[in-house]
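Novice: Take a look at the following structure, please.
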Amino acid sequence: MGDVSALKGIVDPDRSRGGMTEGTIFKIKKYALHDGPGIRTTVFFKGCPLSCRWCHNPEGLDPRPQPMSHRTSSGEIEETVGTVIGVDDLIEEIQKDVLFYDESGGGVTFSGGEPLAQPPFLLALLTACNRLEIHTALDTSGFAPAAVLDRILPRLQLVLFDLKIMDEKRHRRYTGVSNRTVLENLKRIAESRTPVRLRVPLVPGITDGDANIDSMVRFAGTLEAVQGVDLLPFHRIGGEKYRRLGMTDSTAGIDLPAADRVAAIKHRFESAGLTVSIGG
Ligand code: SF4
């Protein structure tokens with residue numbers, strides 16, 4: 001039942017000021033090369049209903065702007081991470097690089113945090129991008145009500161879908177939520193024929209076991225819309241950010257994946273006929 005309340009919690013009311021829909025983001029990454037095809041602008045939404053042990057974007061978890069310390073030449077200062085922004089302002093920023101998108105076959109990727117946790121904001125952004133003919137991709141945990149997904153999907157050209165843990169109990173243990181909605185939504189996306197790339201975090205001792213990988217390979221093989229798999233080996237970039245946010249580092253104690261294990265998992269997916277890249 002915990003999942004039901006978590007799902008309700010992510011459907012925010014339409015936040016608008018003066019008729020303009022707005023939302024909360026924590027970063028805009030320009031010239032991104034690993035979040036979909038071509039050169040892209042990646043927009044990171046703030047707020048996520050999951051709490052993955054290995055999360056390397058802890059500043060994306062809380063839906064509100066929050067203090068984060070920042071090292072400068074004169075010591076540590078506190079800054080606010082996260083900003084509330086209107087759709088028009090964000091679209092103006094995205095549009096600045098439209099020439100790069102056109103030249104490279106790129107576009108915009110909405111990532112996070114969890115973009116599906118701010119439905120009216122995401123919907124308005126996608127509608128604007130569609131109107132401007134900017135390619136749109138969504139990087140998601142897939143944890144959202146089906147009704148939200150149904151409104152979003154027709155406006156997307158690509159979904160980057162995180163597939164983490166297939167066993168329901170282990171998924172709940174390591175991410176804080178059940179994977180039932182996640183897997184149902186992945187099937188739903190595949191049935192809609194929206195192209196999907198699976199993003200598989202390789203976290204030693206948590207996601208990289210044979211049983212989990214074999215189960216993912218079998219599941220992926222049933223979904224025609226899956227165009228490929230991106231293996232994302234765990235890294236330590238997030239650890240320092242937990243400290244700067246005053247949070248307990250949930251990644252402490254997790255080992256880095258061994259290169260031969262990553263190669264073996266890549267081979268396992270490839271032998272099922274899937275195209276695999278390492279690092280997204
Ligand atoms: S879904 Fe992504 S942003 Fe959310 S907790 Fe997990 S890793 Fe972090």
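Identifiers in this document derive from the order of the structure tokens: chains are assigned A, B, ..., residues are numbered from 1 separately in each chain, and ligands are numbered from 1 in order of occurrence.
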Find the residues near ligand 1. Use a cut-off of 7 Å, count only C-alpha atoms and all ligand atoms, and write them as a list in words.
Specialist: Cys48, Pro49, Leu50, Ser51, Cys52, Trp54, Cys55, His56, Asn57, Pro58, Gly60, Leu61, Gly112, Gly113, Glu114, Ser141 and Thr175 of chain A
Novice: Quick one: pick out all strand (DSSP E or B) residues within stretch 34-155 of chain A from a backbone DSSP run and write them as a VMD selection string.
Specialist: chain A and resid 40 to 45 66 to 72 75 to 81 83 to 86 107 to 111 135 to 140
Novice: For the selection you just gave me, I'd like the residues written to a file as a compact mmCIF listing (two decimals), in the first residue's frame, keeping N, CA, C and O atoms.
Specialist:
# COMPACT_ATOMS: atom_id res chain seq x y z
N ARG A 40 22.23 17.14 -27.21
CA ARG A 40 20.96 17.38 -26.52
C ARG A 40 21.11 18.39 -25.38
O ARG A 40 22.22 18.59 -24.87
N THR A 41 19.99 18.97 -25.01
CA THR A 41 19.90 19.68 -23.74
C THR A 41 19.14 18.76 -22.79
O THR A 41 18.04 18.30 -23.12
N THR A 42 19.76 18.47 -21.65
CA THR A 42 19.08 17.62 -20.66
C THR A 42 18.62 18.49 -19.49
O THR A 42 19.42 19.24 -18.91
N VAL A 43 17.35 18.38 -19.18
CA VAL A 43 16.75 19.15 -18.08
C VAL A 43 16.46 18.19 -16.94
O VAL A 43 15.77 17.18 -17.11
N PHE A 44 17.02 18.49 -15.76
CA PHE A 44 16.87 17.62 -14.60
C PHE A 44 15.77 18.15 -13.68
O PHE A 44 15.92 19.21 -13.08
N PHE A 45 14.67 17.40 -13.61
CA PHE A 45 13.55 17.76 -12.72
C PHE A 45 13.93 17.44 -11.28
O PHE A 45 14.60 16.42 -11.02
N GLN A 66 16.66 23.46 -2.07
CA GLN A 66 17.22 23.18 -0.74
C GLN A 66 18.67 23.68 -0.67
O GLN A 66 19.33 23.86 -1.70
N PRO A 67 19.17 23.88 0.56
CA PRO A 67 20.55 24.34 0.70
C PRO A 67 21.56 23.24 0.37
O PRO A 67 21.32 22.07 0.68
N MET A 68 22.65 23.64 -0.25
CA MET A 68 23.74 22.70 -0.58
C MET A 68 25.04 23.47 -0.45
O MET A 68 25.16 24.56 -1.01
N SER A 69 25.99 22.93 0.28
CA SER A 69 27.24 23.67 0.45
C SER A 69 28.09 23.58 -0.81
O SER A 69 27.97 22.63 -1.60
N HIS A 70 28.93 24.56 -0.98
CA HIS A 70 29.70 24.69 -2.21
C HIS A 70 31.09 25.21 -1.84
O HIS A 70 31.20 26.18 -1.10
N ARG A 71 32.12 24.52 -2.31
CA ARG A 71 33.48 24.91 -1.93
C ARG A 71 33.96 26.06 -2.82
O ARG A 71 33.86 25.98 -4.05
N THR A 72 34.47 27.11 -2.22
CA THR A 72 35.06 28.21 -3.00
C THR A 72 36.47 28.46 -2.49
O THR A 72 36.89 27.85 -1.49
N GLY A 75 36.57 29.18 1.19
CA GLY A 75 35.89 28.25 2.10
C GLY A 75 34.56 27.77 1.54
O GLY A 75 34.26 28.00 0.37
N GLU A 76 33.79 27.09 2.39
CA GLU A 76 32.51 26.54 1.93
C GLU A 76 31.40 27.56 2.14
O GLU A 76 31.30 28.17 3.19
N ILE A 77 30.59 27.73 1.11
CA ILE A 77 29.43 28.61 1.25
C ILE A 77 28.17 27.80 0.95
O ILE A 77 28.25 26.73 0.33
N GLU A 78 27.04 28.29 1.42
CA GLU A 78 25.80 27.57 1.18
C GLU A 78 25.05 28.22 0.03
O GLU A 78 24.89 29.45 0.00
N GLU A 79 24.62 27.39 -0.91
CA GLU A 79 23.84 27.89 -2.03
C GLU A 79 22.53 27.10 -2.09
O GLU A 79 22.42 26.06 -1.44
N THR A 80 21.61 27.57 -2.88
CA THR A 80 20.36 26.83 -3.03
C THR A 80 20.45 25.99 -4.30
O THR A 80 20.82 26.51 -5.36
N VAL A 81 20.14 24.72 -4.17
CA VAL A 81 20.07 23.88 -5.36
C VAL A 81 18.59 23.68 -5.69
O VAL A 81 17.79 23.35 -4.82
N THR A 83 15.53 25.30 -8.69
CA THR A 83 14.90 26.57 -9.02
C THR A 83 13.52 26.33 -9.62
O THR A 83 13.31 25.33 -10.32
N VAL A 84 12.61 27.22 -9.29
CA VAL A 84 11.27 27.13 -9.89
C VAL A 84 11.31 27.94 -11.18
O VAL A 84 11.77 29.09 -11.18
N ILE A 85 10.87 27.33 -12.26
CA ILE A 85 10.99 28.00 -13.57
C ILE A 85 9.69 27.80 -14.36
O ILE A 85 9.05 26.73 -14.27
N GLY A 86 9.32 28.81 -15.12
CA GLY A 86 8.12 28.73 -15.95
C GLY A 86 8.43 28.02 -17.27
O GLY A 86 9.58 27.99 -17.72
N GLY A 107 18.18 16.83 -29.58
CA GLY A 107 16.92 17.38 -29.07
C GLY A 107 17.02 17.63 -27.58
O GLY A 107 18.08 17.95 -27.07
N VAL A 108 15.91 17.44 -26.91
CA VAL A 108 15.88 17.69 -25.47
C VAL A 108 15.51 16.40 -24.74
O VAL A 108 14.73 15.58 -25.24
N THR A 109 16.14 16.19 -23.57
CA THR A 109 15.83 15.04 -22.72
C THR A 109 15.39 15.54 -21.36
O THR A 109 16.07 16.37 -20.76
N PHE A 110 14.25 15.05 -20.91
CA PHE A 110 13.78 15.40 -19.57
C PHE A 110 14.15 14.25 -18.63
O PHE A 110 13.77 13.11 -18.85
N SER A 111 14.94 14.61 -17.62
CA SER A 111 15.52 13.62 -16.72
C SER A 111 15.29 14.09 -15.28
O SER A 111 14.49 14.97 -15.02
N HIS A 135 13.05 17.20 -31.06
CA HIS A 135 12.99 15.79 -30.64
C HIS A 135 12.95 15.71 -29.12
O HIS A 135 13.73 16.37 -28.42
N THR A 136 12.05 14.87 -28.58
CA THR A 136 11.89 14.78 -27.13
C THR A 136 12.16 13.37 -26.62
O THR A 136 11.69 12.38 -27.19
N ALA A 137 12.93 13.30 -25.53
CA ALA A 137 13.17 12.02 -24.86
C ALA A 137 12.88 12.20 -23.37
O ALA A 137 13.04 13.28 -22.82
N LEU A 138 12.44 11.10 -22.76
CA LEU A 138 12.15 11.09 -21.32
C LEU A 138 13.02 10.04 -20.66
O LEU A 138 13.03 8.88 -21.09
N ASP A 139 13.78 10.44 -19.65
CA ASP A 139 14.59 9.51 -18.86
C ASP A 139 13.84 9.29 -17.55
O ASP A 139 13.70 10.22 -16.75
N THR A 140 13.34 8.06 -17.32
CA THR A 140 12.39 7.86 -16.22
C THR A 140 12.62 6.55 -15.46
O THR A 140 13.11 5.58 -16.03
Novice: Any chance you could list, as a PyMOL selection string, the residues in stretch 188-252 of chain A that come up helix (DSSP H, G or I) when DSSP is run on the backbone?
Specialist: chain A and resi 188-191+210-221+239-244
Novice: Extract, using only C-alpha atoms, all DNA, RNA and protein residues at most 12 Å from stretch 251-265 of chain A, discarding same-chain residues fewer than 4 positions from it, and format them as a compact mmCIF listing (two decimals) with all heavy atoms, in the first residue's frame.
Specialist:
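The result, written out as part_27.txt:
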# COMPACT_ATOMS: atom_id res chain seq x y z
N SER A 51 14.05 6.05 -3.75
CA SER A 51 15.25 6.37 -2.97
C SER A 51 16.25 5.23 -3.20
O SER A 51 16.50 4.42 -2.31
CB SER A 51 14.92 6.52 -1.49
OG SER A 51 14.10 5.44 -1.06
N CYS A 52 16.77 5.17 -4.42
CA CYS A 52 17.69 4.09 -4.78
C CYS A 52 18.98 4.23 -3.97
O CYS A 52 19.53 5.33 -3.86
CB CYS A 52 18.02 4.15 -6.27
SG CYS A 52 16.56 4.12 -7.32
N ARG A 53 19.45 3.11 -3.45
CA ARG A 53 20.66 3.11 -2.62
C ARG A 53 21.85 3.76 -3.34
O ARG A 53 22.70 4.40 -2.74
CB ARG A 53 21.04 1.66 -2.27
CG ARG A 53 20.45 1.11 -1.00
CD ARG A 53 21.21 1.52 0.25
NE ARG A 53 22.65 1.32 0.20
CZ ARG A 53 23.27 0.18 0.47
NH1 ARG A 53 22.59 -0.88 0.83
NH2 ARG A 53 24.59 0.09 0.39
N TRP A 54 21.92 3.56 -4.66
CA TRP A 54 23.09 3.97 -5.43
C TRP A 54 22.91 5.35 -6.10
O TRP A 54 23.75 5.77 -6.88
CB TRP A 54 23.37 2.93 -6.53
CG TRP A 54 22.20 2.75 -7.46
CD1 TRP A 54 21.95 3.46 -8.59
CD2 TRP A 54 21.12 1.82 -7.31
NE1 TRP A 54 20.76 3.04 -9.16
CE2 TRP A 54 20.24 2.04 -8.40
CE3 TRP A 54 20.80 0.83 -6.38
CZ2 TRP A 54 19.07 1.29 -8.56
CZ3 TRP A 54 19.63 0.10 -6.54
CH2 TRP A 54 18.78 0.33 -7.61
N CYS A 55 21.83 6.05 -5.77
CA CYS A 55 21.51 7.30 -6.49
C CYS A 55 22.68 8.28 -6.46
O CYS A 55 23.22 8.60 -5.40
CB CYS A 55 20.28 7.96 -5.85
SG CYS A 55 19.80 9.46 -6.72
N HIS A 56 23.08 8.75 -7.64
CA HIS A 56 24.19 9.71 -7.68
C HIS A 56 23.69 11.14 -7.92
O HIS A 56 24.49 12.04 -8.18
CB HIS A 56 25.25 9.29 -8.71
CG HIS A 56 24.74 9.24 -10.12
ND1 HIS A 56 24.31 8.09 -10.70
CD2 HIS A 56 24.58 10.21 -11.04
CE1 HIS A 56 23.90 8.35 -11.93
NE2 HIS A 56 24.04 9.63 -12.17
N ASN A 57 22.38 11.32 -7.85
CA ASN A 57 21.81 12.67 -7.94
C ASN A 57 20.96 12.97 -6.71
O ASN A 57 19.75 13.23 -6.82
CB ASN A 57 20.94 12.82 -9.20
CG ASN A 57 21.76 13.03 -10.45
OD1 ASN A 57 22.87 13.56 -10.39
ND2 ASN A 57 21.21 12.62 -11.57
N PRO A 58 21.58 12.96 -5.50
CA PRO A 58 20.76 13.17 -4.30
C PRO A 58 20.10 14.54 -4.26
O PRO A 58 19.08 14.72 -3.60
CB PRO A 58 21.77 13.02 -3.15
CG PRO A 58 23.11 13.25 -3.76
CD PRO A 58 23.00 12.76 -5.18
N TYR A 174 15.73 -1.93 -2.05
CA TYR A 174 16.83 -1.07 -2.49
C TYR A 174 16.39 0.25 -3.14
O TYR A 174 17.22 1.12 -3.38
CB TYR A 174 17.74 -1.83 -3.46
CG TYR A 174 18.56 -2.89 -2.77
CD1 TYR A 174 18.29 -4.24 -2.99
CD2 TYR A 174 19.57 -2.55 -1.88
CE1 TYR A 174 19.02 -5.24 -2.34
CE2 TYR A 174 20.31 -3.52 -1.24
CZ TYR A 174 20.03 -4.86 -1.46
OH TYR A 174 20.77 -5.83 -0.81
N VAL A 200 20.25 0.22 -17.49
CA VAL A 200 20.42 -0.76 -16.41
C VAL A 200 21.60 -0.34 -15.53
O VAL A 200 22.76 -0.43 -15.96
CB VAL A 200 20.66 -2.17 -17.00
CG1 VAL A 200 20.88 -3.18 -15.89
CG2 VAL A 200 19.49 -2.58 -17.89
N PRO A 201 21.34 0.12 -14.31
CA PRO A 201 22.45 0.46 -13.43
C PRO A 201 23.14 -0.83 -12.95
O PRO A 201 22.46 -1.76 -12.53
CB PRO A 201 21.77 1.19 -12.26
CG PRO A 201 20.38 0.68 -12.24
CD PRO A 201 20.03 0.30 -13.67
N LEU A 202 24.46 -0.88 -13.06
CA LEU A 202 25.18 -2.06 -12.59
C LEU A 202 25.79 -1.73 -11.24
O LEU A 202 26.81 -1.04 -11.15
CB LEU A 202 26.26 -2.46 -13.60
CG LEU A 202 25.75 -2.92 -14.97
CD1 LEU A 202 26.89 -3.38 -15.87
CD2 LEU A 202 24.70 -4.03 -14.82
N VAL A 203 25.13 -2.21 -10.20
CA VAL A 203 25.54 -1.90 -8.83
C VAL A 203 25.92 -3.21 -8.15
O VAL A 203 25.06 -4.06 -7.91
CB VAL A 203 24.38 -1.22 -8.06
CG1 VAL A 203 24.88 -0.70 -6.72
CG2 VAL A 203 23.75 -0.11 -8.89
N PRO A 204 27.23 -3.37 -7.87
CA PRO A 204 27.69 -4.65 -7.32
C PRO A 204 26.91 -5.07 -6.07
O PRO A 204 26.69 -4.26 -5.16
CB PRO A 204 29.16 -4.39 -6.99
CG PRO A 204 29.56 -3.35 -7.99
CD PRO A 204 28.34 -2.46 -8.14
N GLY A 205 26.48 -6.32 -6.08
CA GLY A 205 25.77 -6.87 -4.92
C GLY A 205 24.29 -6.49 -4.88
O GLY A 205 23.54 -6.99 -4.04
N ILE A 206 23.86 -5.57 -5.75
CA ILE A 206 22.45 -5.14 -5.72
C ILE A 206 21.73 -5.45 -7.04
O ILE A 206 20.69 -6.09 -7.05
CB ILE A 206 22.35 -3.63 -5.38
CG1 ILE A 206 22.99 -3.36 -4.01
CG2 ILE A 206 20.89 -3.18 -5.40
CD1 ILE A 206 22.98 -1.89 -3.59
N THR A 207 22.30 -5.00 -8.15
CA THR A 207 21.61 -5.22 -9.43
C THR A 207 22.35 -6.18 -10.36
O THR A 207 21.81 -6.55 -11.40
CB THR A 207 21.43 -3.89 -10.21
OG1 THR A 207 22.71 -3.42 -10.63
CG2 THR A 207 20.75 -2.82 -9.36
N ASP A 208 23.60 -6.53 -10.03
CA ASP A 208 24.43 -7.21 -11.03
C ASP A 208 24.49 -8.73 -10.89
O ASP A 208 25.30 -9.39 -11.53
CB ASP A 208 25.86 -6.63 -11.02
CG ASP A 208 26.65 -7.05 -9.78
OD1 ASP A 208 26.01 -7.43 -8.77
OD2 ASP A 208 27.89 -7.00 -9.82
N GLY A 209 23.63 -9.30 -10.04
CA GLY A 209 23.64 -10.76 -9.87
C GLY A 209 23.08 -11.47 -11.09
O GLY A 209 22.29 -10.91 -11.86
N ASP A 210 23.48 -12.75 -11.25
CA ASP A 210 23.05 -13.52 -12.43
C ASP A 210 21.52 -13.61 -12.53
O ASP A 210 20.95 -13.47 -13.61
CB ASP A 210 23.62 -14.95 -12.36
CG ASP A 210 25.11 -14.96 -12.70
OD1 ASP A 210 25.57 -14.00 -13.35
OD2 ASP A 210 25.79 -15.92 -12.30
N ALA A 211 20.85 -13.85 -11.39
CA ALA A 211 19.40 -14.04 -11.43
C ALA A 211 18.72 -12.76 -11.92
O ALA A 211 17.80 -12.82 -12.76
CB ALA A 211 18.88 -14.41 -10.04
N ASN A 212 19.17 -11.62 -11.44
CA ASN A 212 18.56 -10.35 -11.86
C ASN A 212 18.82 -10.08 -13.33
O ASN A 212 17.91 -9.72 -14.09
CB ASN A 212 19.10 -9.20 -11.00
CG ASN A 212 18.30 -7.92 -11.17
OD1 ASN A 212 17.08 -7.95 -11.20
ND2 ASN A 212 18.99 -6.80 -11.33
N ILE A 213 20.06 -10.28 -13.75
CA ILE A 213 20.41 -10.00 -15.15
C ILE A 213 19.65 -10.94 -16.09
O ILE A 213 19.08 -10.51 -17.10
CB ILE A 213 21.95 -10.12 -15.37
CG1 ILE A 213 22.70 -9.08 -14.51
CG2 ILE A 213 22.31 -9.99 -16.85
CD1 ILE A 213 22.40 -7.62 -14.82
N ASP A 214 19.61 -12.23 -15.74
CA ASP A 214 18.90 -13.19 -16.60
C ASP A 214 17.42 -12.84 -16.71
O ASP A 214 16.82 -12.91 -17.79
CB ASP A 214 19.04 -14.62 -16.05
CG ASP A 214 20.43 -15.17 -16.31
OD1 ASP A 214 21.17 -14.55 -17.10
OD2 ASP A 214 20.77 -16.22 -15.73
N MET A 216 16.10 -9.86 -16.41
CA MET A 216 15.99 -8.65 -17.25
C MET A 216 16.11 -9.02 -18.73
O MET A 216 15.36 -8.51 -19.56
CB MET A 216 17.13 -7.68 -16.93
CG MET A 216 16.92 -6.87 -15.70
SD MET A 216 18.27 -5.69 -15.61
CE MET A 216 17.98 -5.06 -13.98
N VAL A 217 17.06 -9.87 -19.03
CA VAL A 217 17.28 -10.25 -20.44
C VAL A 217 16.02 -10.92 -20.99
O VAL A 217 15.56 -10.60 -22.10
CB VAL A 217 18.51 -11.18 -20.57
CG1 VAL A 217 18.60 -11.78 -21.97
CG2 VAL A 217 19.80 -10.42 -20.24
N VAL A 229 20.14 -1.39 -25.06
CA VAL A 229 20.34 -1.39 -23.61
C VAL A 229 21.59 -0.57 -23.30
O VAL A 229 22.62 -0.75 -23.94
CB VAL A 229 20.53 -2.84 -23.09
CG1 VAL A 229 20.79 -2.86 -21.59
CG2 VAL A 229 19.32 -3.70 -23.44
N ASP A 230 21.46 0.34 -22.34
CA ASP A 230 22.63 1.09 -21.86
C ASP A 230 22.97 0.57 -20.47
O ASP A 230 22.15 0.68 -19.55
CB ASP A 230 22.31 2.59 -21.77
CG ASP A 230 21.94 3.18 -23.13
OD1 ASP A 230 22.55 2.76 -24.13
OD2 ASP A 230 21.05 4.05 -23.17
N LEU A 231 24.16 0.01 -20.33
CA LEU A 231 24.61 -0.44 -19.00
C LEU A 231 25.31 0.73 -18.31
O LEU A 231 26.19 1.37 -18.90
CB LEU A 231 25.58 -1.62 -19.14
CG LEU A 231 25.01 -2.87 -19.84
CD1 LEU A 231 26.09 -3.95 -19.94
CD2 LEU A 231 23.78 -3.40 -19.10
N LEU A 232 24.90 1.02 -17.09
CA LEU A 232 25.43 2.18 -16.38
C LEU A 232 26.18 1.71 -15.13
O LEU A 232 25.57 1.55 -14.05
CB LEU A 232 24.28 3.12 -15.98
CG LEU A 232 23.32 3.52 -17.11
CD1 LEU A 232 22.16 4.35 -16.58
CD2 LEU A 232 24.06 4.31 -18.19
N PRO A 233 27.49 1.47 -15.26
CA PRO A 233 28.25 0.99 -14.08
C PRO A 233 28.22 2.03 -12.96
O PRO A 233 28.38 3.23 -13.21
CB PRO A 233 29.68 0.80 -14.64
CG PRO A 233 29.51 0.68 -16.11
CD PRO A 233 28.32 1.54 -16.46
N PHE A 234 28.02 1.55 -11.73
CA PHE A 234 27.98 2.44 -10.56
C PHE A 234 29.29 3.23 -10.47
O PHE A 234 30.37 2.71 -10.73
CB PHE A 234 27.79 1.59 -9.30
CG PHE A 234 27.97 2.36 -8.03
CD1 PHE A 234 27.01 3.27 -7.62
CD2 PHE A 234 29.11 2.20 -7.25
CE1 PHE A 234 27.17 4.01 -6.45
CE2 PHE A 234 29.28 2.93 -6.08
CZ PHE A 234 28.32 3.84 -5.68
N HIS A 235 29.16 4.50 -10.11
CA HIS A 235 30.36 5.32 -9.87
C HIS A 235 30.15 6.16 -8.62
O HIS A 235 29.04 6.20 -8.07
CB HIS A 235 30.67 6.20 -11.09
CG HIS A 235 29.54 7.09 -11.49
ND1 HIS A 235 29.14 8.16 -10.73
CD2 HIS A 235 28.67 7.04 -12.54
CE1 HIS A 235 28.10 8.74 -11.30
NE2 HIS A 235 27.79 8.08 -12.40
N ARG A 236 31.19 6.81 -8.19
CA ARG A 236 31.15 7.47 -6.88
C ARG A 236 30.87 8.97 -6.93
O ARG A 236 30.98 9.65 -5.91
CB ARG A 236 32.50 7.28 -6.16
CG ARG A 236 32.81 5.88 -5.82
CD ARG A 236 33.48 5.75 -4.47
NE ARG A 236 33.51 4.36 -4.10
CZ ARG A 236 32.50 3.72 -3.55
NH1 ARG A 236 31.39 4.36 -3.25
NH2 ARG A 236 32.58 2.43 -3.28
N ILE A 237 30.47 9.48 -8.07
CA ILE A 237 30.33 10.94 -8.22
C ILE A 237 29.35 11.52 -7.19
O ILE A 237 29.54 12.63 -6.71
CB ILE A 237 29.88 11.29 -9.66
CG1 ILE A 237 31.02 10.98 -10.62
CG2 ILE A 237 29.47 12.75 -9.78
CD1 ILE A 237 30.67 11.11 -12.09
N GLY A 238 28.33 10.75 -6.81
CA GLY A 238 27.31 11.29 -5.91
C GLY A 238 27.71 11.40 -4.45
O GLY A 238 27.12 12.17 -3.70
N GLY A 239 28.72 10.62 -4.03
CA GLY A 239 29.04 10.51 -2.61
C GLY A 239 29.26 11.84 -1.92
O GLY A 239 28.67 12.14 -0.87
N GLU A 240 30.07 12.68 -2.52
CA GLU A 240 30.39 13.98 -1.95
C GLU A 240 29.15 14.88 -1.88
O GLU A 240 28.98 15.69 -0.96
CB GLU A 240 31.50 14.62 -2.81
CG GLU A 240 31.84 16.06 -2.52
CD GLU A 240 32.49 16.28 -1.16
OE1 GLU A 240 32.76 15.30 -0.45
OE2 GLU A 240 32.70 17.46 -0.81
N LYS A 241 28.25 14.71 -2.84
CA LYS A 241 27.04 15.55 -2.87
C LYS A 241 26.15 15.28 -1.65
O LYS A 241 25.51 16.19 -1.14
CB LYS A 241 26.27 15.34 -4.18
CG LYS A 241 27.01 15.89 -5.39
CD LYS A 241 26.10 16.05 -6.59
CE LYS A 241 25.92 14.81 -7.38
NZ LYS A 241 25.15 14.99 -8.61
N TYR A 242 26.10 14.02 -1.20
CA TYR A 242 25.29 13.72 0.00
C TYR A 242 25.80 14.56 1.18
O TYR A 242 25.01 15.13 1.92
CB TYR A 242 25.38 12.23 0.35
CG TYR A 242 24.53 11.32 -0.52
CD1 TYR A 242 25.04 10.77 -1.69
CD2 TYR A 242 23.23 11.00 -0.16
CE1 TYR A 242 24.28 9.94 -2.49
CE2 TYR A 242 22.45 10.16 -0.94
CZ TYR A 242 22.98 9.63 -2.11
OH TYR A 242 22.20 8.81 -2.89
N ARG A 243 27.12 14.61 1.33
CA ARG A 243 27.68 15.38 2.44
C ARG A 243 27.30 16.85 2.32
O ARG A 243 26.90 17.50 3.28
CB ARG A 243 29.21 15.22 2.46
CG ARG A 243 29.89 15.91 3.65
CD ARG A 243 31.39 16.01 3.48
NE ARG A 243 31.82 16.87 2.39
CZ ARG A 243 31.79 18.19 2.41
NH1 ARG A 243 31.31 18.84 3.46
NH2 ARG A 243 32.20 18.90 1.36
N MET A 247 23.07 15.05 3.99
CA MET A 247 22.35 13.78 3.98
C MET A 247 23.32 12.63 4.27
O MET A 247 24.53 12.75 4.02
CB MET A 247 21.71 13.54 2.59
CG MET A 247 20.64 14.55 2.21
SD MET A 247 20.22 14.46 0.44
CE MET A 247 19.43 12.86 0.32
N PHE A 269 23.48 -9.76 -22.47
CA PHE A 269 22.40 -9.04 -23.19
C PHE A 269 22.57 -9.21 -24.70
O PHE A 269 21.60 -9.42 -25.42
CB PHE A 269 22.42 -7.55 -22.83
CG PHE A 269 21.67 -7.21 -21.55
CD1 PHE A 269 22.35 -7.00 -20.36
CD2 PHE A 269 20.30 -7.09 -21.54
CE1 PHE A 269 21.67 -6.69 -19.18
CE2 PHE A 269 19.59 -6.78 -20.37
CZ PHE A 269 20.29 -6.58 -19.19
N GLU A 270 23.82 -9.10 -25.16
CA GLU A 270 24.07 -9.20 -26.61
C GLU A 270 23.70 -10.57 -27.15
O GLU A 270 23.18 -10.70 -28.26
CB GLU A 270 25.54 -8.89 -26.90
CG GLU A 270 25.83 -7.40 -26.83
CD GLU A 270 27.31 -7.07 -26.93
OE1 GLU A 270 28.14 -7.97 -26.70
OE2 GLU A 270 27.62 -5.91 -27.20
N SER A 271 23.96 -11.60 -26.33
CA SER A 271 23.67 -12.95 -26.84
C SER A 271 22.15 -13.17 -26.98
O SER A 271 21.72 -14.13 -27.62
CB SER A 271 24.32 -14.02 -25.96
OG SER A 271 23.87 -13.90 -24.66
N ALA A 272 21.36 -12.26 -26.38
CA ALA A 272 19.90 -12.33 -26.56
C ALA A 272 19.46 -11.46 -27.72
O ALA A 272 18.27 -11.21 -27.92
CB ALA A 272 19.20 -11.89 -25.29
N LEU A 274 20.28 -8.22 -28.25
CA LEU A 274 20.08 -6.80 -27.95
C LEU A 274 21.35 -6.00 -28.22
O LEU A 274 22.47 -6.51 -28.06
CB LEU A 274 19.69 -6.65 -26.47
CG LEU A 274 18.31 -7.22 -26.13
CD1 LEU A 274 18.21 -7.59 -24.65
CD2 LEU A 274 17.22 -6.22 -26.50
N VAL A 276 23.91 -3.28 -27.14
CA VAL A 276 24.28 -2.82 -25.80
C VAL A 276 25.38 -1.77 -25.85
O VAL A 276 26.35 -1.93 -26.60
CB VAL A 276 24.77 -4.01 -24.93
CG1 VAL A 276 25.02 -3.56 -23.49
CG2 VAL A 276 23.76 -5.14 -24.95
N SER A 277 25.24 -0.72 -25.07
CA SER A 277 26.35 0.20 -24.91
C SER A 277 26.65 0.33 -23.42
O SER A 277 25.79 0.05 -22.59
CB SER A 277 26.02 1.58 -25.50
OG SER A 277 25.16 2.27 -24.62
N ILE A 278 27.88 0.72 -23.13
CA ILE A 278 28.25 0.91 -21.73
C ILE A 278 28.36 2.40 -21.46
O ILE A 278 29.07 3.11 -22.18
CB ILE A 278 29.57 0.19 -21.41
CG1 ILE A 278 29.38 -1.33 -21.56
CG2 ILE A 278 30.05 0.52 -19.99
CD1 ILE A 278 30.63 -2.15 -21.39
N GLY A 279 27.62 2.87 -20.50
CA GLY A 279 27.68 4.27 -20.12
C GLY A 279 26.58 5.12 -20.74
O GLY A 279 26.50 6.31 -20.47
Novice: Write out as a list in words which residues come within 10 Å of A:Leu123 when counting only C-alpha atoms, dropping same-chain ones fewer than 4 positions away.
Specialist: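 What passes the distance filter is Thr21, Val87, Pro115, Leu116, Gln118, Pro119, Thr127, Ala128, Cys129, Val148, Arg151, Ile152, Leu153 and Arg155 of chain A.
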Novice: Nearest residue to A:Met20 out of A:Gly228, A:Pro145, A:Gly105, A:Pro120, using only C-alpha atoms?
Specialist: A:Pro120
Novice: Pick out the closest residue to A:Glu191 from this set: A:His267, A:Asn179, A:Gly273, A:Glu224. Count only C-alpha atoms.
Specialist: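 Residue with the minimum atom-to-atom distance to A:Glu191: A:Glu224.
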Novice: Can you tell me how far atom CA of A:Thr222 sits from atom CA of A:Met166, in Å to one decimal?
Specialist: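 Separation of atom CA of A:Thr222 and atom CA of A:Met166: 14.3 Å.
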Novice: Can you tell me how far atom CA of A:Thr275 sits from atom CA of A:Asp162, in Å to one decimal?
Specialist: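 So the answer is 16.0 Å.
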Novice: What does the distance from atom CA of A:Gly106 to atom CA of A:Gly36 come to in Å, to one decimal?
Specialist: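 For atom CA of A:Gly106 relative to atom CA of A:Gly36, the distance reads 7.4 Å.
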